[in-house]
Amino acid sequence: MLFSQLIQKLIQDTTEKSLPLFSVELCLCVTIVLMLLVRLLGADRLLPACVVAVIGAASALACSWMQYRELYGAPEPVSTTFFTGMLIHDSFTVYFRAFLSLFLLLTVALTSLTGIPDEEDSPDFYSLLFGATIGMMMMASSNSLLMLFLSVEMASVPSYAMVGFLKGRKASSEAALKYVVYGAGAAGVMLYGISLLAGVLGTADMGMLSERLAAAAAGGSGGLGDPEIRTASLGILLIMVGLAFKLSLVPFHFWCPDAFEGASAEVAGFLSIASKAGAFGLLVRLCVALSGAEGTGPLMTAFGCGLGFVACLTMTLGNLAAYGQTNLKRMLAYSTIAHAGYMVMAVSAMLVMSSSAAGAASAAEVTRSMEGLLYYLFVYMFMNLGAFAVIALVRNYTFGETLDDVRGLISQSPTLCVVMLICMFSLVGLPPFGGFIGKFFIFASTLKSAETEPFMYVVLVCGGLNTVFSLFYYIRVLRVMFLEARPADARPVPLPFASWESAFTLTLAAFVLLLGVAPYVMSTTANTAAQSLAFFN
Amino acid sequence: MSLDAYLLVGAVLFVCGVICMATKRNGIGVLMGVELVLNGANINFVAFSKYTQLGLDGQIFSLFVIVLAAAEAAVALAIALNFYNNHLTIDVDRASKLKG
């Protein structure tokens, strides 16, 4: 083939196939350029950056809604690779695109209500926010080890800058430095792992990983005594270090409380939800890519059990450390760590079931574990953003984010207290709130996986005990808010009921309640998204 | 030269980088450790692309990593400069206000 023909074919493939599938990310890219252009042309008095940002996020949501309509009507799960096999487009990808666009819209709404960033800085801030979101969308759709690394970096680098966005504050600069140093280190270790895995299996395409791994296992003894398998396992382990850092799993969690405490509550909320969601998308993609082939069953079961063990440690440490905190953002950071543990339970259950001997678990059961994860993420978006929004709104009146700032808040701002109550009960996992349904799905699939691998019973019991532990520190916040008297010297929080702030937080709380009483629509959607993953091949 | 020789150099660079990240108290020193780790991985990629069926993908990988390392260093140095402006030091042990 001539070189010109090759170029011609590439251009045709890009413009006709890849770019339409990439429309959601393109919307966000165009928004970034527009925001910066508007300021450059001096039109930011007429057209504030937050308006452009809201329009951009809404159009991204509309684009992902159209892709959703297209894919979810299909009788069979469709999956297409595009950009020469770098990215994959299926209902799992579209689920994450819609999720992240919706969350971006909510975050932009929250930041414009709370006034962080100020008008001067808002184009910079929103550019970072949108850039990080594009990275997270690509995390959930990556189909190559190169994209795995690039998307993680694309999500991380703007996040470092956002944590340090309050430039003059000592705490903020310290948080950013810690985050960037640990983050860069974890990314470097992950890259080394990628180099080992890609080199020993001879491919960077994630669609081929499992068959190459099976071929390597068939050539030797198949266990860890085989040098190829040993190197590949080391590579997987080092990649997991990078992902565990993004998910703040123990023992790579220590950046999370510091970064959250130093950053503003809005940024902390963004990191605790969007960055976790993207990392879970990537973790699931990687696990599905590695598992499912004949001959690698024992290795992948061990990998799944390892994840389960990490989940136990993460939940326990997160919940125990949250107990003594007086800074609310720090407490929610530990709660974020614990919730990452619950969600990893679903991934470990998926790995154990999909790599067990054929016939032990049907594809429907494996799909259900992923449905649990996706449902939990969706509920988690509303309940966690609600909690961070309350903290941000209280901060605007009292200039503090500790327990003392919310003491006796019920006498001054009952709306915020009720929203906090709903979010926290949902975070514990009490019925009838959405968190209960999410936890129920995840625990049910872990129980199912315990039939093939008894170790999963330990993980399940650990998850159950942790749910009980977590009750105490969430209840402590609620007791301080509802039952104690407001100190005389505390700054008042006169937030009226008829205001945009109240409406915003009440909407979030309403969604948490709705997802608890009417789970059908969302769970069907999550199930369809999970079906597009090829668990067995 | 066999593949192992290149991988050995990569591994040595990786270990040096990790030790540098773990022991340096100067923020810039830690970032230099990160660069060593990234370059260790780069040597692996280029060596694998010559000796295994990874092929040109390995070269592309290392090109992207070089560009990304520069971008990451730019952000990291800006954050380090901001830390220096606030604390008048770049010693990571002095970043101890946030804990618990």
# chains A, B, ... in the order shown; residues from 1 in each chain; ligands from 1
$ interface_residues --of "chain B" --to "chain A" --cutoff "7 Å" --atoms "only C-alpha atoms" --output "ChimeraX atom specification"
/B:31,34,37-38,41,44-45,48,52-54,61,72,76,79-80,82-83,86,95,97-99
$ write_last_selection --atoms "C-alpha atoms" --output "short mmCIF file (atom, residue, chain, number, x, y, z; two decimals), in the first residue's frame"
data_model
loop_
_atom_site.label_atom_id
_atom_site.label_comp_id
_atom_site.auth_asym_id
_atom_site.auth_seq_id
_atom_site.Cartn_x
_atom_site.Cartn_y
_atom_site.Cartn_z
CA LEU B 31 10.90 14.86 41.52
CA VAL B 34 10.46 10.29 39.56
CA VAL B 37 11.84 5.89 37.35
CA LEU B 38 10.22 7.14 34.14
CA ALA B 41 10.61 2.40 32.13
CA ASN B 44 12.50 -1.12 29.03
CA PHE B 45 10.07 -0.01 26.34
CA PHE B 48 11.31 -4.61 24.33
CA THR B 52 10.10 -8.79 21.31
CA GLN B 53 6.93 -8.66 19.24
CA LEU B 54 5.90 -5.41 20.96
CA PHE B 61 5.29 4.58 24.33
CA GLU B 72 4.19 16.76 34.71
CA ALA B 76 5.12 19.88 39.83
CA ILE B 79 3.48 23.68 42.86
CA ALA B 80 6.92 23.42 44.48
CA ASN B 82 4.15 27.99 45.36
CA PHE B 83 5.06 25.89 48.39
CA ASN B 86 4.35 30.13 51.38
CA ALA B 95 5.08 20.02 55.14
CA LYS B 97 0.73 21.08 59.12
CA LEU B 98 -1.84 18.62 57.79
CA LYS B 99 -1.89 15.38 59.74
#
$ atom_distance --atom1 "atom CA of A:Ile273" --atom2 "atom CA of A:Gly318"
16.1 Å
$ select_by_dssp --residues "chain B" --states "alpha helix (DSSP H)" --output "PyMOL selection string"
chain B and resi 3-23+27-51+56-87
$ atom_distance --atom1 "atom CA of A:Val459" --atom2 "atom CA of A:Leu377"
19.7 Å
$ atom_distance --atom1 "atom CA of A:Phe469" --atom2 "atom CA of A:Ser335"
11.3 Å
$ residues_around --residues "stretch 59-73 of chain A" --least-positions-apart "5" --cutoff "6 Å" --atoms "only C-alpha atoms" --output "number ranges by chain"
A: 24, 27, 98, 101
$ write_last_selection --atoms "C-alpha atoms" --output "mmCIF file, in the first residue's frame"
data_model
loop_
_atom_site.group_PDB
_atom_site.id
_atom_site.type_symbol
_atom_site.label_atom_id
_atom_site.label_comp_id
_atom_site.auth_asym_id
_atom_site.auth_seq_id
_atom_site.Cartn_x
_atom_site.Cartn_y
_atom_site.Cartn_z
ATOM 1 C CA VAL A 24 -18.689 14.051 24.328
ATOM 2 C CA CYS A 27 -17.702 19.110 23.547
ATOM 3 C CA ALA A 98 -23.006 10.316 31.051
ATOM 4 C CA SER A 101 -20.932 14.862 32.388
#
$ decode --residues "stretch 38-77 of chain B" --atoms "N, CA and C atoms" --output "mmCIF file, in the first residue's frame"
data_model
loop_
_atom_site.group_PDB
_atom_site.id
_atom_site.type_symbol
_atom_site.label_atom_id
_atom_site.label_comp_id
_atom_site.auth_asym_id
_atom_site.auth_seq_id
_atom_site.Cartn_x
_atom_site.Cartn_y
_atom_site.Cartn_z
ATOM 1 N N LEU B 38 10.820 7.065 35.478
ATOM 2 C CA LEU B 38 10.216 7.136 34.142
ATOM 3 C C LEU B 38 11.223 6.721 33.072
ATOM 4 N N ASN B 39 12.490 7.142 33.235
ATOM 5 C CA ASN B 39 13.477 6.790 32.223
ATOM 6 C C ASN B 39 13.861 5.327 32.282
ATOM 7 N N GLY B 40 13.806 4.731 33.499
ATOM 8 C CA GLY B 40 13.993 3.284 33.599
ATOM 9 C C GLY B 40 12.947 2.556 32.783
ATOM 10 N N ALA B 41 11.689 3.016 32.904
ATOM 11 C CA ALA B 41 10.613 2.397 32.132
ATOM 12 C C ALA B 41 10.830 2.617 30.639
ATOM 13 N N ASN B 42 11.340 3.809 30.257
ATOM 14 C CA ASN B 42 11.595 4.104 28.849
ATOM 15 C C ASN B 42 12.613 3.146 28.245
ATOM 16 N N ILE B 43 13.682 2.873 28.978
ATOM 17 C CA ILE B 43 14.689 1.936 28.472
ATOM 18 C C ILE B 43 14.061 0.573 28.249
ATOM 19 N N ASN B 44 13.214 0.144 29.207
ATOM 20 C CA ASN B 44 12.504 -1.121 29.026
ATOM 21 C C ASN B 44 11.708 -1.133 27.738
ATOM 22 N N PHE B 45 10.937 -0.055 27.513
ATOM 23 C CA PHE B 45 10.070 -0.015 26.339
ATOM 24 C C PHE B 45 10.879 -0.125 25.059
ATOM 25 N N VAL B 46 11.952 0.649 24.972
ATOM 26 C CA VAL B 46 12.741 0.648 23.737
ATOM 27 C C VAL B 46 13.409 -0.712 23.541
ATOM 28 N N ALA B 47 13.898 -1.298 24.649
ATOM 29 C CA ALA B 47 14.532 -2.607 24.520
ATOM 30 C C ALA B 47 13.518 -3.656 24.092
ATOM 31 N N PHE B 48 12.344 -3.639 24.701
ATOM 32 C CA PHE B 48 11.309 -4.611 24.326
ATOM 33 C C PHE B 48 10.895 -4.424 22.869
ATOM 34 N N SER B 49 10.878 -3.174 22.411
ATOM 35 C CA SER B 49 10.433 -2.951 21.032
ATOM 36 C C SER B 49 11.442 -3.524 20.046
ATOM 37 N N LYS B 50 12.709 -3.607 20.420
ATOM 38 C CA LYS B 50 13.694 -4.184 19.504
ATOM 39 C C LYS B 50 13.686 -5.706 19.560
ATOM 40 N N TYR B 51 13.515 -6.267 20.769
ATOM 41 C CA TYR B 51 13.741 -7.701 20.925
ATOM 42 C C TYR B 51 12.474 -8.548 20.965
ATOM 43 N N THR B 52 11.307 -7.963 21.223
ATOM 44 C CA THR B 52 10.101 -8.792 21.311
ATOM 45 C C THR B 52 9.098 -8.345 20.256
ATOM 46 N N GLN B 53 7.930 -8.993 20.259
ATOM 47 C CA GLN B 53 6.933 -8.657 19.241
ATOM 48 C C GLN B 53 6.154 -7.392 19.591
ATOM 49 N N LEU B 54 6.568 -6.679 20.647
ATOM 50 C CA LEU B 54 5.905 -5.410 20.961
ATOM 51 C C LEU B 54 6.075 -4.420 19.809
ATOM 52 N N GLY B 55 7.240 -4.480 19.148
ATOM 53 C CA GLY B 55 7.456 -3.687 17.942
ATOM 54 C C GLY B 55 7.445 -2.191 18.194
ATOM 55 N N LEU B 56 6.936 -1.458 17.197
ATOM 56 C CA LEU B 56 6.996 0.001 17.249
ATOM 57 C C LEU B 56 6.209 0.589 18.412
ATOM 58 N N ASP B 57 5.235 -0.166 18.930
ATOM 59 C CA ASP B 57 4.450 0.334 20.062
ATOM 60 C C ASP B 57 5.361 0.806 21.198
ATOM 61 N N GLY B 58 6.436 0.063 21.418
ATOM 62 C CA GLY B 58 7.346 0.426 22.500
ATOM 63 C C GLY B 58 7.980 1.778 22.273
ATOM 64 N N GLN B 59 8.399 2.041 21.027
ATOM 65 C CA GLN B 59 9.005 3.345 20.713
ATOM 66 C C GLN B 59 8.001 4.470 20.934
ATOM 67 N N ILE B 60 6.766 4.237 20.480
ATOM 68 C CA ILE B 60 5.722 5.250 20.631
ATOM 69 C C ILE B 60 5.488 5.538 22.111
ATOM 70 N N PHE B 61 5.446 4.447 22.892
ATOM 71 C CA PHE B 61 5.294 4.581 24.331
ATOM 72 C C PHE B 61 6.330 5.541 24.888
ATOM 73 N N SER B 62 7.596 5.311 24.538
ATOM 74 C CA SER B 62 8.640 6.118 25.176
ATOM 75 C C SER B 62 8.570 7.563 24.701
ATOM 76 N N LEU B 63 8.165 7.789 23.434
ATOM 77 C CA LEU B 63 7.995 9.178 22.972
ATOM 78 C C LEU B 63 6.943 9.900 23.811
ATOM 79 N N PHE B 64 5.806 9.217 24.015
ATOM 80 C CA PHE B 64 4.736 9.831 24.808
ATOM 81 C C PHE B 64 5.199 10.095 26.231
ATOM 82 N N VAL B 65 5.960 9.147 26.795
ATOM 83 C CA VAL B 65 6.385 9.296 28.184
ATOM 84 C C VAL B 65 7.316 10.495 28.331
ATOM 85 N N ILE B 66 8.200 10.711 27.329
ATOM 86 C CA ILE B 66 9.119 11.849 27.407
ATOM 87 C C ILE B 66 8.327 13.158 27.460
ATOM 88 N N VAL B 67 7.309 13.257 26.577
ATOM 89 C CA VAL B 67 6.509 14.484 26.536
ATOM 90 C C VAL B 67 5.748 14.661 27.849
ATOM 91 N N LEU B 68 5.152 13.549 28.326
ATOM 92 C CA LEU B 68 4.339 13.637 29.542
ATOM 93 C C LEU B 68 5.176 13.991 30.757
ATOM 94 N N ALA B 69 6.416 13.450 30.795
ATOM 95 C CA ALA B 69 7.279 13.749 31.934
ATOM 96 C C ALA B 69 7.550 15.235 31.992
ATOM 97 N N ALA B 70 7.726 15.859 30.809
ATOM 98 C CA ALA B 70 7.971 17.300 30.782
ATOM 99 C C ALA B 70 6.758 18.058 31.295
ATOM 100 N N ALA B 71 5.558 17.634 30.839
ATOM 101 C CA ALA B 71 4.338 18.326 31.266
ATOM 102 C C ALA B 71 4.144 18.196 32.769
ATOM 103 N N GLU B 72 4.388 16.988 33.286
ATOM 104 C CA GLU B 72 4.191 16.760 34.708
ATOM 105 C C GLU B 72 5.201 17.563 35.516
ATOM 106 N N ALA B 73 6.447 17.617 35.022
ATOM 107 C CA ALA B 73 7.473 18.365 35.745
ATOM 108 C C ALA B 73 7.108 19.838 35.812
ATOM 109 N N ALA B 74 6.504 20.365 34.726
ATOM 110 C CA ALA B 74 6.131 21.782 34.734
ATOM 111 C C ALA B 74 5.134 22.068 35.849
ATOM 112 N N VAL B 75 4.107 21.219 35.952
ATOM 113 C CA VAL B 75 3.097 21.423 37.003
ATOM 114 C C VAL B 75 3.715 21.222 38.382
ATOM 115 N N ALA B 76 4.536 20.177 38.515
ATOM 116 C CA ALA B 76 5.125 19.879 39.825
ATOM 117 C C ALA B 76 6.028 21.015 40.283
ATOM 118 N N LEU B 77 6.810 21.591 39.344
ATOM 119 C CA LEU B 77 7.709 22.680 39.743
ATOM 120 C C LEU B 77 6.919 23.922 40.121
#
